[in-house]
$ cat final-v6.txt   # compact mmCIF, C-alpha atoms
# COMPACT_ATOMS: atom_id res chain seq x y z
CA MET A 14 43.76 64.29 18.91
CA SER A 15 43.71 66.95 16.23
CA ALA A 16 40.65 67.74 14.14
CA HIS A 17 42.56 66.48 11.12
CA GLY A 18 43.22 63.14 12.89
CA VAL A 19 39.46 62.54 13.44
CA ALA A 20 38.34 63.57 9.96
CA ALA A 21 40.81 61.44 7.97
CA PRO A 22 39.53 57.91 8.92
CA ALA A 23 35.90 58.95 8.44
CA TRP A 24 36.68 60.21 4.97
CA ARG A 25 38.49 56.95 4.18
CA VAL A 26 35.44 54.90 5.22
CA ARG A 27 33.21 57.03 3.05
CA ARG A 28 35.52 56.68 0.07
CA ARG A 29 35.71 52.89 0.46
CA SER A 30 31.91 52.73 0.71
CA LEU A 31 31.66 54.77 -2.46
CA PHE A 32 34.01 52.43 -4.31
CA ALA A 33 32.14 49.39 -2.99
CA LEU A 34 28.86 50.71 -4.35
CA PRO A 35 29.26 49.76 -8.07
CA PRO A 36 30.22 46.09 -7.43
CA LEU A 37 27.44 45.81 -4.85
CA PHE A 38 24.98 47.29 -7.29
CA ALA A 39 26.11 44.84 -10.00
CA LEU A 40 25.78 41.94 -7.53
CA ALA A 41 22.28 43.05 -6.52
CA LEU A 42 21.30 43.34 -10.18
CA TRP A 43 22.58 39.84 -10.90
CA VAL A 44 20.73 38.35 -7.89
CA ALA A 45 17.54 40.10 -9.01
CA VAL A 46 17.53 39.32 -12.73
CA GLY A 47 20.51 37.03 -13.42
CA ASP A 48 18.46 33.88 -13.98
CA SER A 49 15.98 35.62 -16.27
CA TRP A 50 18.83 37.19 -18.23
CA SER A 51 20.57 33.81 -18.66
CA ALA A 52 17.30 32.22 -19.80
CA TRP A 53 16.71 35.06 -22.28
CA ARG A 54 20.24 34.71 -23.65
CA ALA A 55 19.71 30.96 -24.09
CA SER A 56 16.42 31.60 -25.93
CA GLN A 57 18.16 34.01 -28.31
CA ARG A 58 20.98 31.62 -29.18
CA GLU A 59 20.87 30.28 -32.73
CA ASP A 60 22.30 26.93 -33.73
CA VAL A 61 23.01 27.55 -37.43
CA THR A 62 24.81 25.22 -39.85
CA ASP A 63 26.09 26.66 -43.14
CA ALA A 64 25.36 24.79 -46.38
CA PRO A 65 27.16 25.86 -49.57
CA ALA A 66 25.01 25.67 -52.68
CA THR A 67 27.47 23.44 -54.51
CA ILE A 68 27.46 20.40 -52.22
CA ALA A 69 24.93 18.49 -50.14
CA THR A 70 25.34 19.20 -46.42
CA ALA A 71 24.55 16.83 -43.55
CA PHE A 72 21.95 18.22 -41.15
CA GLY A 73 19.52 16.47 -38.83
CA GLY A 74 20.47 13.06 -40.23
CA SER A 75 19.71 14.03 -43.86
CA ARG A 76 21.79 15.60 -46.62
CA TRP A 77 20.44 18.90 -47.97
CA GLN A 78 21.15 20.97 -51.05
CA LEU A 79 19.56 24.09 -52.47
CA GLN A 80 18.50 23.39 -56.05
CA GLN A 81 16.75 26.56 -57.05
CA LEU A 82 16.10 30.00 -55.58
CA ASP A 83 14.64 32.65 -57.84
CA ALA A 84 12.20 35.51 -57.98
CA VAL A 85 9.42 34.54 -60.38
CA ALA A 86 8.07 36.94 -62.98
CA ASP A 87 4.67 38.48 -62.25
CA ASP A 88 1.79 36.22 -63.19
CA PRO A 89 -1.42 38.03 -64.26
CA LEU A 90 -3.42 35.05 -63.02
CA GLN A 91 -1.92 35.37 -59.56
CA PRO A 92 -1.34 39.08 -59.05
CA VAL A 93 0.58 40.30 -56.03
CA ALA A 94 0.64 43.74 -54.42
CA ALA A 95 2.92 46.42 -55.84
CA GLY A 96 6.47 46.12 -54.52
CA VAL A 97 6.05 42.42 -53.72
CA ALA A 98 7.88 39.54 -55.41
CA ARG A 99 7.12 35.82 -55.52
CA VAL A 100 10.14 33.69 -54.68
CA ARG A 101 10.44 29.99 -55.47
CA VAL A 102 12.71 27.75 -53.40
CA ARG A 103 13.48 24.17 -54.40
CA VAL A 104 15.45 21.97 -52.02
CA ALA A 105 16.68 18.38 -52.35
CA LEU A 106 17.16 16.21 -49.28
CA THR A 107 18.25 12.62 -48.75
CA PRO A 108 17.37 11.05 -45.38
CA GLY A 109 20.16 9.00 -43.84
CA ASP A 110 18.01 6.78 -41.63
CA GLU A 111 14.51 6.27 -40.20
CA ALA A 112 15.15 8.70 -37.32
CA ALA A 113 16.00 11.42 -39.84
CA ILE A 114 12.70 10.77 -41.64
CA LYS A 115 10.82 11.21 -38.34
CA ARG A 116 12.60 14.54 -37.75
CA LEU A 117 11.30 15.79 -41.10
CA ASP A 118 7.78 15.88 -39.63
CA ARG A 119 8.88 18.82 -37.50
CA CYS A 120 10.73 20.71 -40.20
CA THR A 121 9.91 24.08 -41.74
CA LEU A 122 11.44 26.21 -44.47
CA ALA A 123 11.73 29.98 -44.12
CA LEU A 124 13.46 32.85 -45.89
CA VAL A 125 15.70 35.20 -43.91
CA ASP A 126 17.36 38.43 -45.02
CA ALA A 127 20.48 40.18 -43.77
CA HIS A 128 18.43 42.27 -41.32
CA GLY A 129 16.96 39.19 -39.65
CA ARG A 130 13.53 39.55 -41.24
CA ARG A 131 11.87 36.19 -41.76
CA TRP A 132 9.19 34.93 -44.12
CA SER A 133 7.13 31.77 -44.10
CA PRO A 134 5.66 30.19 -47.27
CA ALA A 135 2.78 32.29 -48.55
CA GLY A 136 0.62 32.72 -51.61
CA SER A 137 -0.65 29.87 -53.71
CA ARG A 138 1.66 27.66 -55.76
CA PRO A 139 1.00 27.31 -59.49
CA ARG A 140 -1.13 24.26 -60.27
CA GLU A 141 1.50 22.75 -62.55
CA VAL A 142 3.94 22.32 -59.66
CA ARG A 143 3.87 18.62 -58.85
CA LEU A 144 6.62 18.60 -56.23
CA PRO A 145 5.74 18.26 -52.56
CA ALA A 146 5.53 21.49 -50.59
CA GLN A 147 6.86 20.09 -47.30
CA CYS A 148 10.15 18.61 -46.09
CA ASN A 149 8.30 15.43 -45.16
CA GLY A 150 6.99 14.97 -48.68
CA SER A 151 3.43 14.36 -49.72
CA TYR A 152 1.06 11.43 -50.08
CA ASP A 153 2.66 10.51 -53.42
CA HIS A 154 6.22 11.38 -52.48
CA ARG A 155 7.12 9.89 -49.11
CA PRO A 156 10.71 10.32 -47.94
CA GLU A 157 12.75 7.11 -48.03
CA VAL A 158 16.15 6.32 -46.59
CA GLY A 159 18.85 7.00 -49.19
CA ALA A 160 16.40 8.32 -51.82
CA PRO A 161 16.48 12.01 -52.79
CA LEU A 162 13.29 13.97 -52.18
CA VAL A 163 12.79 17.35 -53.82
CA PHE A 164 10.28 19.80 -52.38
CA GLU A 165 9.34 23.32 -53.43
CA GLN A 166 7.94 26.25 -51.47
CA TRP A 167 6.74 29.66 -52.65
CA PHE A 168 7.09 32.88 -50.72
CA LEU A 169 5.95 36.49 -50.93
CA VAL A 170 8.68 38.99 -50.01
CA PRO A 171 9.25 42.71 -50.60
CA ARG A 172 10.81 43.16 -54.05
CA ASP A 173 13.91 44.86 -52.63
CA ALA A 174 14.61 41.82 -50.43
CA ALA A 175 14.10 39.20 -53.14
CA ALA A 176 17.72 39.29 -54.30
CA GLU A 177 19.25 38.80 -50.88
CA VAL A 178 16.99 36.38 -48.99
CA GLU A 179 18.41 33.00 -48.05
CA PRO A 180 16.46 29.86 -47.18
CA ARG A 181 16.70 28.34 -43.70
CA VAL A 182 15.60 24.83 -42.85
CA VAL A 183 14.49 24.72 -39.23
CA LEU A 184 14.22 21.50 -37.22
CA ASP A 185 12.46 21.44 -33.86
CA GLY A 186 14.66 21.55 -30.80
CA ARG A 187 15.89 23.81 -27.99
CA PRO A 188 17.21 25.96 -29.56
CA PRO A 189 15.82 24.97 -32.96
CA ALA A 190 18.57 23.71 -35.28
CA GLN A 191 18.83 25.77 -38.46
CA LEU A 192 20.45 25.06 -41.80
CA ARG A 193 21.38 28.14 -43.80
CA LEU A 194 21.23 27.27 -47.50
CA ARG A 195 23.67 29.70 -49.06
CA ARG A 196 23.02 31.16 -52.51
CA ASP A 197 26.64 31.07 -53.73
CA MET B 145 28.94 69.49 15.19
CA SER B 146 28.17 73.09 14.38
CA ALA B 147 24.62 74.39 14.19
CA ARG B 148 25.13 75.16 10.52
CA ARG B 149 26.22 71.59 9.79
CA ARG B 150 23.22 70.21 11.70
CA PHE B 151 20.93 72.45 9.73
CA SER B 152 22.37 71.37 6.35
CA ASP B 153 22.10 67.67 7.36
CA ALA B 154 18.46 68.16 8.32
CA LEU B 155 17.83 69.94 5.04
CA LEU B 156 19.46 67.08 3.12
CA LEU B 157 17.34 64.53 4.99
CA ALA B 158 14.18 66.48 4.31
CA ALA B 159 15.09 66.71 0.61
CA ALA B 160 15.69 62.94 0.50
CA PHE B 161 12.29 62.26 2.09
CA GLY B 162 10.71 64.72 -0.30
CA ALA B 163 12.28 62.94 -3.28
CA LEU B 164 11.08 59.59 -1.91
CA ALA B 165 7.54 60.93 -1.52
CA VAL B 166 7.53 62.23 -5.11
CA MET B 167 8.89 58.92 -6.44
CA ARG B 168 6.30 56.95 -4.46
CA ALA B 169 3.47 59.10 -5.71
CA SER B 170 4.61 58.98 -9.34
CA THR B 171 5.47 55.25 -9.56
CA PRO B 172 2.81 53.56 -11.70
CA ASN B 173 1.03 50.52 -10.30
CA TYR B 174 1.94 47.05 -11.52
CA THR B 175 -0.79 46.92 -14.15
CA ARG B 176 0.48 50.13 -15.69
CA LEU B 177 4.10 49.00 -15.42
CA ILE B 178 3.47 45.96 -17.61
CA ALA B 179 0.90 47.61 -19.87
CA PRO B 180 1.35 47.34 -23.65
CA ILE B 181 3.48 50.00 -25.31
CA ASP B 182 1.16 51.95 -27.57
CA THR B 183 2.05 53.45 -30.93
CA HIS B 184 -0.54 56.06 -31.81
CA GLY B 185 -1.76 57.05 -35.22
CA VAL B 186 -4.75 58.19 -37.20
CA ARG B 187 -6.91 56.75 -39.96
CA GLY B 188 -5.20 56.75 -43.36
CA GLU B 189 -1.68 56.61 -41.91
CA LEU B 190 0.48 53.47 -41.73
CA VAL B 191 1.14 53.01 -38.03
CA ARG B 192 4.20 50.88 -37.34
CA GLY B 193 4.65 48.97 -34.07
CA ARG B 194 7.32 46.43 -33.14
CA SER B 195 5.51 43.46 -34.69
CA LEU B 196 2.75 44.89 -36.87
CA ALA B 197 2.19 47.84 -39.17
CA LEU B 198 -1.43 48.70 -39.93
CA ARG B 199 -3.31 51.37 -41.82
CA VAL B 200 -7.03 51.98 -41.41
CA ASP B 201 -8.33 52.59 -44.93
CA GLY B 202 -11.96 53.19 -44.02
CA VAL B 203 -14.90 52.18 -41.88
CA GLU B 204 -18.41 51.02 -42.71
CA VAL B 205 -21.49 50.38 -40.65
CA ALA B 206 -23.92 47.53 -41.27
CA ARG B 207 -26.96 46.10 -39.52
CA ARG B 208 -26.19 42.51 -40.45
CA LEU B 209 -23.14 40.56 -41.50
CA ARG B 210 -23.16 37.80 -44.11
CA VAL B 211 -20.53 35.18 -43.38
CA PRO B 212 -19.59 31.81 -44.86
CA ALA B 213 -21.11 28.81 -43.14
CA PRO B 214 -21.04 25.08 -43.78
CA GLY B 215 -23.07 24.53 -46.94
CA GLY B 216 -23.54 28.22 -47.80
CA VAL B 217 -23.76 31.52 -45.98
CA ARG B 218 -25.60 32.85 -42.98
CA GLU B 219 -26.48 36.30 -41.76
CA LEU B 220 -25.53 37.52 -38.33
CA ASP B 221 -27.93 39.90 -36.65
CA SER B 222 -26.93 42.19 -33.82
CA GLY B 223 -28.58 44.04 -30.96
CA GLY B 224 -26.26 46.93 -31.83
CA ILE B 225 -24.53 47.50 -35.13
CA TRP B 226 -21.63 45.95 -37.01
CA LEU B 227 -18.61 48.16 -37.53
CA VAL B 228 -16.41 46.98 -40.40
CA VAL B 229 -12.90 48.43 -40.43
CA HIS B 230 -11.12 48.12 -43.78
CA ALA B 231 -7.41 47.88 -43.13
CA THR B 232 -4.08 47.10 -44.76
CA ALA B 233 -1.53 45.38 -42.56
CA GLN B 234 1.88 43.83 -42.71
CA ALA B 235 4.29 42.14 -40.33
CA VAL B 236 7.48 43.99 -39.41
CA GLU B 237 10.09 41.27 -38.84
CA ARG B 238 8.53 37.82 -38.94
CA PRO B 239 5.19 36.28 -39.89
CA GLU B 240 2.45 37.55 -37.59
CA ARG B 241 -1.33 37.68 -37.29
CA VAL B 242 -3.66 40.32 -35.96
CA ALA B 243 -4.39 38.23 -32.89
CA GLY B 244 -5.93 40.97 -30.80
CA ALA B 245 -8.13 43.84 -31.94
CA ALA B 246 -10.76 45.98 -30.25
CA ILE B 247 -12.65 49.21 -30.56
CA VAL B 248 -12.24 51.56 -27.62
CA GLY B 249 -14.96 54.15 -27.16
CA ALA B 250 -14.43 57.68 -25.92
CA ASP B 251 -15.57 56.54 -22.47
CA GLY B 252 -12.92 53.78 -22.38
CA ARG B 253 -15.29 50.85 -22.93
CA ARG B 254 -13.75 48.22 -25.14
CA TYR B 255 -15.37 45.92 -27.72
CA ALA B 256 -13.31 42.97 -28.91
CA HIS B 257 -13.10 41.79 -32.51
CA SER B 258 -16.07 39.53 -33.10
CA ASP B 259 -15.37 35.83 -33.36
CA ARG B 260 -18.93 35.21 -34.59
CA ALA B 261 -17.73 35.77 -38.14
CA GLY B 262 -15.55 32.66 -37.97
CA PHE B 263 -12.67 32.54 -40.42
CA ALA B 264 -14.01 34.31 -43.49
CA ARG B 265 -11.13 34.91 -45.90
CA ALA B 266 -11.88 38.61 -46.05
CA LEU B 267 -11.05 38.93 -42.37
CA LEU B 268 -7.64 40.38 -41.67
CA ALA B 269 -7.38 38.19 -38.58
CA ALA B 270 -7.58 35.08 -40.77
CA GLN B 271 -4.48 36.00 -42.77
CA GLU B 272 -0.87 35.31 -41.93
CA LEU B 273 0.96 38.58 -42.47
CA GLN B 274 4.44 38.59 -43.97
CA ALA B 275 7.17 41.15 -43.29
CA GLY B 276 6.88 44.11 -45.64
CA VAL B 277 4.09 42.49 -47.68
CA PRO B 278 0.85 44.47 -47.37
CA ALA B 279 -2.38 42.50 -47.04
CA ARG B 280 -5.86 43.97 -47.12
CA GLY B 281 -8.74 42.73 -45.03
CA ASP B 282 -11.58 43.58 -42.69
CA LEU B 283 -11.89 43.71 -38.93
CA VAL B 284 -15.45 43.35 -37.64
CA PHE B 285 -16.89 44.55 -34.35
CA GLU B 286 -20.33 44.25 -32.82
CA LEU B 287 -21.09 47.23 -30.64
CA PRO B 288 -23.67 49.85 -29.61
CA GLN B 289 -23.96 52.76 -31.99
CA ALA B 290 -23.24 55.22 -29.17
CA VAL B 291 -19.67 53.94 -28.87
CA LEU B 292 -18.67 55.02 -32.36
CA ALA B 293 -18.04 58.72 -31.71
CA ASP B 294 -14.28 59.32 -31.46
CA ALA B 295 -13.60 55.60 -31.21
CA HIS B 296 -10.13 54.11 -31.53
CA LEU B 297 -8.95 50.81 -32.93
CA VAL B 298 -6.37 48.95 -30.87
CA ALA B 299 -4.58 46.03 -32.51
CA SER B 300 -1.77 43.71 -31.57
CA ALA B 301 0.00 40.60 -32.79
CA HIS B 302 -0.96 38.94 -29.50
CA PRO B 303 -4.27 38.63 -27.70
CA LEU B 304 -4.97 41.89 -25.91
CA ASP B 305 -4.17 41.80 -22.16
CA LEU B 306 -2.22 38.55 -22.51
CA ALA B 307 1.10 39.98 -23.65
CA PRO B 308 2.65 42.32 -21.06
CA LEU B 309 4.85 45.08 -22.47
CA ASP B 310 3.87 44.08 -25.99
CA SER B 311 3.76 46.59 -28.79
CA ARG B 312 0.18 47.73 -29.53
CA LEU B 313 -1.24 49.99 -32.21
CA ASP B 314 -3.78 52.61 -31.20
CA ILE B 315 -5.40 54.26 -34.20
CA ALA B 316 -8.04 56.98 -34.10
CA LEU B 317 -10.83 56.12 -36.56
CA GLY B 318 -11.53 59.77 -37.20
CA LEU B 319 -15.24 59.41 -36.40
CA ASP B 320 -16.07 62.98 -35.52
CA ALA B 321 -19.70 64.10 -35.62
CA ALA B 322 -19.80 64.81 -39.38
CA THR B 323 -17.93 61.67 -40.45
CA LEU B 324 -20.00 59.53 -38.11
CA ALA B 325 -23.26 60.97 -39.43
CA ALA B 326 -22.11 60.24 -43.00
CA ALA B 327 -21.11 56.68 -42.06
CA LEU B 328 -24.46 56.04 -40.35
CA SER B 329 -26.47 57.45 -43.23
CA ALA B 330 -24.54 55.20 -45.63
CA ALA B 331 -24.98 52.16 -43.36
CA ARG B 332 -25.58 48.96 -45.28
CA ASP B 333 -28.35 46.59 -44.41
CA VAL B 334 -26.01 43.66 -44.98
CA TYR B 335 -22.23 43.62 -45.28
CA ASP B 336 -21.07 40.54 -47.16
CA LEU B 337 -17.79 39.10 -45.91
CA GLU B 338 -17.88 36.55 -48.73
CA ARG B 339 -17.83 39.28 -51.38
CA PRO B 340 -16.81 42.46 -49.61

$ encode --input "final-v6.txt" --output "structure tokens"
Amino acid sequence: MSAHGVAAPAWRVRRRSLFALPPLFALALWVAVGDSWSAWRASQREDVTDAPATIATAFGGSRWQLQQLDAVADDPLQPVAAGVARVRVRVALTPGDEAAIKRLDRCTLALVDAHGRRWSPAGSRPREVRLPAQCNGSYDHRPEVGAPLVFEQWFLVPRDAAAEVEPRVVLDGRPPAQLRLRRD
Amino acid sequence: MSARRRFSDALLLAAAFGALAVMRASTPNYTRLIAPIDTHGVRGELVRGRSLALRVDGVEVARRLRVPAPGGVRELDSGGIWLVVHATAQAVERPERVAGAAIVGADGRRYAHSDRAGFARALLAAQELQAGVPARGDLVFELPQAVLADAHLVASAHPLDLAPLDSRLDIALGLDAATLAAALSAARDVYDLERP
């Protein structure tokens, strides 16, 4: 057998091994971290429903509509830091049934901007505001099936974000269900 | 196989073992692998981590701390001293709290944020921080005076040591000999967390 005849098959085996390396590496990676990666992906998934401002949108068994979203002028009695704006959000909801009312106990309102930054209600509300501050009403304003309930939350956000933030209603779940209340 | 080929194979094998030995020696242990990721800074500078941004505005030393208590106030004594760190903090992306804070001395000893002060409103740890909205408050630590020289503040949005690979701020308090002497000479008898 010639020297060339011996060398050729060995080289072929090496080349095949080299080509097999990337898929094997990918397989090993998947076996090692595939489950964790899938779980992480599931945890990052967002279940978002869009709600136009003009009509009430069904979500979590209730109908929701954004009534007011505005940056409030500075109040000398409740000063905020420079570059910070107070934002008022007023939302109307109408529960469709008793189960929907129960879901309101695990409901929160947040503001989200285009970069994914999120704000929870902060700062004190003016005393003259009589509306409930929570989705599930207050002692005087309990949610009832078929009856509209209006609640109002106040937020502190950077002034440059005040014009673009959008409210999100979040209901408990895996992943949490979110209602995006659009400004338009 | 030629002698030259055998020699180059042996050389390659030796190099591979050498590389393995270097990798083995330089691989950090598990604790270091999952350690928090520190962002370093100095007093007076806004230090921005993944969850929190914090600036140390100043430090004060006091012998006692006056805190709110049911029905009034009470004063907390200490076998050491109270270090009060005045800070301004904000969340980066979503609402956060300063859930973990400690002073680390030059010798590496660590003193956690005191929970003896309860939830006084002046405490930074009692406030929910919003993204991009600066909030001012105090962090209080009970520690021996000897720890203060060249001490650092470490702070995180999660309890220290309970959040692997979490972002953590590490801020030098700038307590060199002269600054420390000035802070000690200006030490208050009582620092009032009700009216800071």

$ closest_atom_pairs --input "final-v6.txt" --of "chain B" --to "chain A" --cutoff "8 Å" --atoms "only C-alpha atoms" --output "CSV"
residue,atom,partner,partner_atom,distance
B:Val236,CA,A:Arg130,CA,7.7
B:Glu237,CA,A:Arg130,CA,4.5
B:Arg238,CA,A:Arg131,CA,4.7
B:Pro239,CA,A:Trp132,CA,6.0
B:Gln274,CA,A:Trp132,CA,6.0
B:Ala275,CA,A:Trp132,CA,6.6
B:Gly276,CA,A:Pro171,CA,5.7
B:Val277,CA,A:Pro171,CA,5.9
B:Pro278,CA,A:Ala94,CA,7.1

$ closest_residue --input "final-v6.txt" --among "B:Ala279, B:Ala301, B:Leu292, B:Val229" --to "Ala325 of chain B" --atoms "only C-alpha atoms"
B:Leu292

$ atom_distance --input "final-v6.txt" --atom1 "atom CA of Ala250 of chain B" --atom2 "atom CA of Ala293 of chain B"
6.9 Å

$ closest_residue --input "final-v6.txt" --among "A:Leu90, A:Val163, A:Leu192, A:Val46" --to "Ala71 of chain A" --atoms "only C-alpha atoms"
A:Leu192

$ atom_distance --input "final-v6.txt" --atom1 "atom CA of Gln80 of chain A" --atom2 "atom CA of Arg103 of chain A"
5.3 Å

$ closest_residue --input "final-v6.txt" --among "B:Arg199, B:His296, B:Arg208, B:His230" --to "Ala246 of chain B" --atoms "only C-alpha atoms"
B:His296

$ atom_distance --input "final-v6.txt" --atom1 "atom CA of Gly109 of chain A" --atom2 "atom CA of Pro180 of chain A"
21.4 Å

$ closest_residue --input "final-v6.txt" --among "B:Pro303, B:Gly188, B:Gly162, B:Pro308" --to "Arg241 of chain B" --atoms "all atoms listed in the file"
B:Pro303

$ residues_around --input "final-v6.txt" --residues "Ser75 of chain A" --least-positions-apart "4" --cutoff "9 Å" --atoms "only C-alpha atoms" --output "PDB file with C-alpha atoms, in the frame of the given file"
ATOM      1  CA  THR A  70      25.340  19.200 -46.420  1.00  0.00           C
ATOM      2  CA  ALA A  71      24.550  16.830 -43.550  1.00  0.00           C
ATOM      3  CA  LEU A 106      17.160  16.210 -49.280  1.00  0.00           C
ATOM      4  CA  THR A 107      18.250  12.620 -48.750  1.00  0.00           C
ATOM      5  CA  PRO A 108      17.370  11.050 -45.380  1.00  0.00           C
ATOM      6  CA  GLY A 109      20.160   9.000 -43.840  1.00  0.00           C
ATOM      7  CA  ASP A 110      18.010   6.780 -41.630  1.00  0.00           C
ATOM      8  CA  ALA A 113      16.000  11.420 -39.840  1.00  0.00           C
ATOM      9  CA  ILE A 114      12.700  10.770 -41.640  1.00  0.00           C
ATOM     10  CA  VAL A 158      16.150   6.320 -46.590  1.00  0.00           C
ATOM     11  CA  GLY A 159      18.850   7.000 -49.190  1.00  0.00           C
TER      12      GLY A 159
END

$ residues_around --input "final-v6.txt" --residues "Val298 of chain B" --least-positions-apart "5" --cutoff "9 Å" --atoms "all atoms listed in the file" --output "CSV table (one decimal) with C-alpha atoms, in the frame of the given file"
chain,number,residue,atom,x,y,z
B,182,ASP,CA,1.2,52.0,-27.6
B,244,GLY,CA,-5.9,41.0,-30.8
B,245,ALA,CA,-8.1,43.8,-31.9
B,246,ALA,CA,-10.8,46.0,-30.2
B,247,ILE,CA,-12.6,49.2,-30.6
B,248,VAL,CA,-12.2,51.6,-27.6
B,304,LEU,CA,-5.0,41.9,-25.9
B,312,ARG,CA,0.2,47.7,-29.5
B,313,LEU,CA,-1.2,50.0,-32.2
B,314,ASP,CA,-3.8,52.6,-31.2
B,315,ILE,CA,-5.4,54.3,-34.2
B,316,ALA,CA,-8.0,57.0,-34.1

$ residues_near_point --input "final-v6.txt" --point "(-19.9, 53.3, -29.5)" --cutoff "12 Å" --atoms "all atoms listed in the file" --output "mmCIF file with C-alpha atoms, in the coordinates of the input"
data_model
loop_
_atom_site.group_PDB
_atom_site.id
_atom_site.type_symbol
_atom_site.label_atom_id
_atom_site.label_comp_id
_atom_site.auth_asym_id
_atom_site.auth_seq_id
_atom_site.Cartn_x
_atom_site.Cartn_y
_atom_site.Cartn_z
ATOM 1 C CA VAL B 205 -21.490 50.380 -40.650
ATOM 2 C CA GLY B 224 -26.260 46.930 -31.830
ATOM 3 C CA ILE B 225 -24.530 47.500 -35.130
ATOM 4 C CA TRP B 226 -21.630 45.950 -37.010
ATOM 5 C CA LEU B 227 -18.610 48.160 -37.530
ATOM 6 C CA ALA B 246 -10.760 45.980 -30.250
ATOM 7 C CA ILE B 247 -12.650 49.210 -30.560
ATOM 8 C CA VAL B 248 -12.240 51.560 -27.620
ATOM 9 C CA GLY B 249 -14.960 54.150 -27.160
ATOM 10 C CA ALA B 250 -14.430 57.680 -25.920
ATOM 11 C CA ASP B 251 -15.570 56.540 -22.470
ATOM 12 C CA GLY B 252 -12.920 53.780 -22.380
ATOM 13 C CA ARG B 253 -15.290 50.850 -22.930
ATOM 14 C CA ARG B 254 -13.750 48.220 -25.140
ATOM 15 C CA TYR B 255 -15.370 45.920 -27.720
ATOM 16 C CA PHE B 285 -16.890 44.550 -34.350
ATOM 17 C CA GLU B 286 -20.330 44.250 -32.820
ATOM 18 C CA LEU B 287 -21.090 47.230 -30.640
ATOM 19 C CA PRO B 288 -23.670 49.850 -29.610
ATOM 20 C CA GLN B 289 -23.960 52.760 -31.990
ATOM 21 C CA ALA B 290 -23.240 55.220 -29.170
ATOM 22 C CA VAL B 291 -19.670 53.940 -28.870
ATOM 23 C CA LEU B 292 -18.670 55.020 -32.360
ATOM 24 C CA ALA B 293 -18.040 58.720 -31.710
ATOM 25 C CA ASP B 294 -14.280 59.320 -31.460
ATOM 26 C CA ALA B 295 -13.600 55.600 -31.210
ATOM 27 C CA HIS B 296 -10.130 54.110 -31.530
ATOM 28 C CA LEU B 297 -8.950 50.810 -32.930
ATOM 29 C CA LEU B 317 -10.830 56.120 -36.560
ATOM 30 C CA LEU B 319 -15.240 59.410 -36.400
ATOM 31 C CA LEU B 324 -20.000 59.530 -38.110
#

$ build_atoms --input "final-v6.txt" --residues "segment 285-294 of chain B" --atoms "N, CA, C and O atoms" --output "PDB file, in the coordinates of the input"
ATOM      1  N   PHE B 285     -16.579  44.336 -35.762  1.00  0.00           N
ATOM      2  CA  PHE B 285     -16.890  44.550 -34.350  1.00  0.00           C
ATOM      3  C   PHE B 285     -18.400  44.723 -34.191  1.00  0.00           C
ATOM      4  O   PHE B 285     -19.036  45.406 -34.992  1.00  0.00           O
ATOM      5  N   GLU B 286     -18.908  44.136 -33.143  1.00  0.00           N
ATOM      6  CA  GLU B 286     -20.330  44.250 -32.820  1.00  0.00           C
ATOM      7  C   GLU B 286     -20.425  45.154 -31.600  1.00  0.00           C
ATOM      8  O   GLU B 286     -19.885  44.809 -30.542  1.00  0.00           O
ATOM      9  N   LEU B 287     -21.106  46.281 -31.750  1.00  0.00           N
ATOM     10  CA  LEU B 287     -21.090  47.230 -30.640  1.00  0.00           C
ATOM     11  C   LEU B 287     -22.303  48.167 -30.684  1.00  0.00           C
ATOM     12  O   LEU B 287     -22.993  48.258 -31.714  1.00  0.00           O
ATOM     13  N   PRO B 288     -22.571  48.864 -29.585  1.00  0.00           N
ATOM     14  CA  PRO B 288     -23.670  49.850 -29.610  1.00  0.00           C
ATOM     15  C   PRO B 288     -23.267  51.055 -30.444  1.00  0.00           C
ATOM     16  O   PRO B 288     -22.096  51.433 -30.461  1.00  0.00           O
ATOM     17  N   GLN B 289     -24.246  51.625 -31.100  1.00  0.00           N
ATOM     18  CA  GLN B 289     -23.960  52.760 -31.990  1.00  0.00           C
ATOM     19  C   GLN B 289     -23.331  53.935 -31.223  1.00  0.00           C
ATOM     20  O   GLN B 289     -22.496  54.655 -31.764  1.00  0.00           O
ATOM     21  N   ALA B 290     -23.716  54.076 -29.952  1.00  0.00           N
ATOM     22  CA  ALA B 290     -23.240  55.220 -29.170  1.00  0.00           C
ATOM     23  C   ALA B 290     -21.732  55.204 -28.946  1.00  0.00           C
ATOM     24  O   ALA B 290     -21.141  56.238 -28.618  1.00  0.00           O
ATOM     25  N   VAL B 291     -21.111  54.057 -29.132  1.00  0.00           N
ATOM     26  CA  VAL B 291     -19.670  53.940 -28.870  1.00  0.00           C
ATOM     27  C   VAL B 291     -18.833  54.544 -29.994  1.00  0.00           C
ATOM     28  O   VAL B 291     -17.669  54.898 -29.806  1.00  0.00           O
ATOM     29  N   LEU B 292     -19.450  54.696 -31.168  1.00  0.00           N
ATOM     30  CA  LEU B 292     -18.670  55.020 -32.360  1.00  0.00           C
ATOM     31  C   LEU B 292     -17.977  56.391 -32.320  1.00  0.00           C
ATOM     32  O   LEU B 292     -16.884  56.545 -32.858  1.00  0.00           O
ATOM     33  N   ALA B 293     -18.610  57.363 -31.687  1.00  0.00           N
ATOM     34  CA  ALA B 293     -18.040  58.720 -31.710  1.00  0.00           C
ATOM     35  C   ALA B 293     -16.641  58.732 -31.105  1.00  0.00           C
ATOM     36  O   ALA B 293     -16.444  58.291 -29.980  1.00  0.00           O
ATOM     37  N   ASP B 294     -15.687  59.207 -31.888  1.00  0.00           N
ATOM     38  CA  ASP B 294     -14.280  59.320 -31.460  1.00  0.00           C
ATOM     39  C   ASP B 294     -13.663  58.002 -31.009  1.00  0.00           C
ATOM     40  O   ASP B 294     -12.778  57.976 -30.140  1.00  0.00           O
TER      41      ASP B 294
END
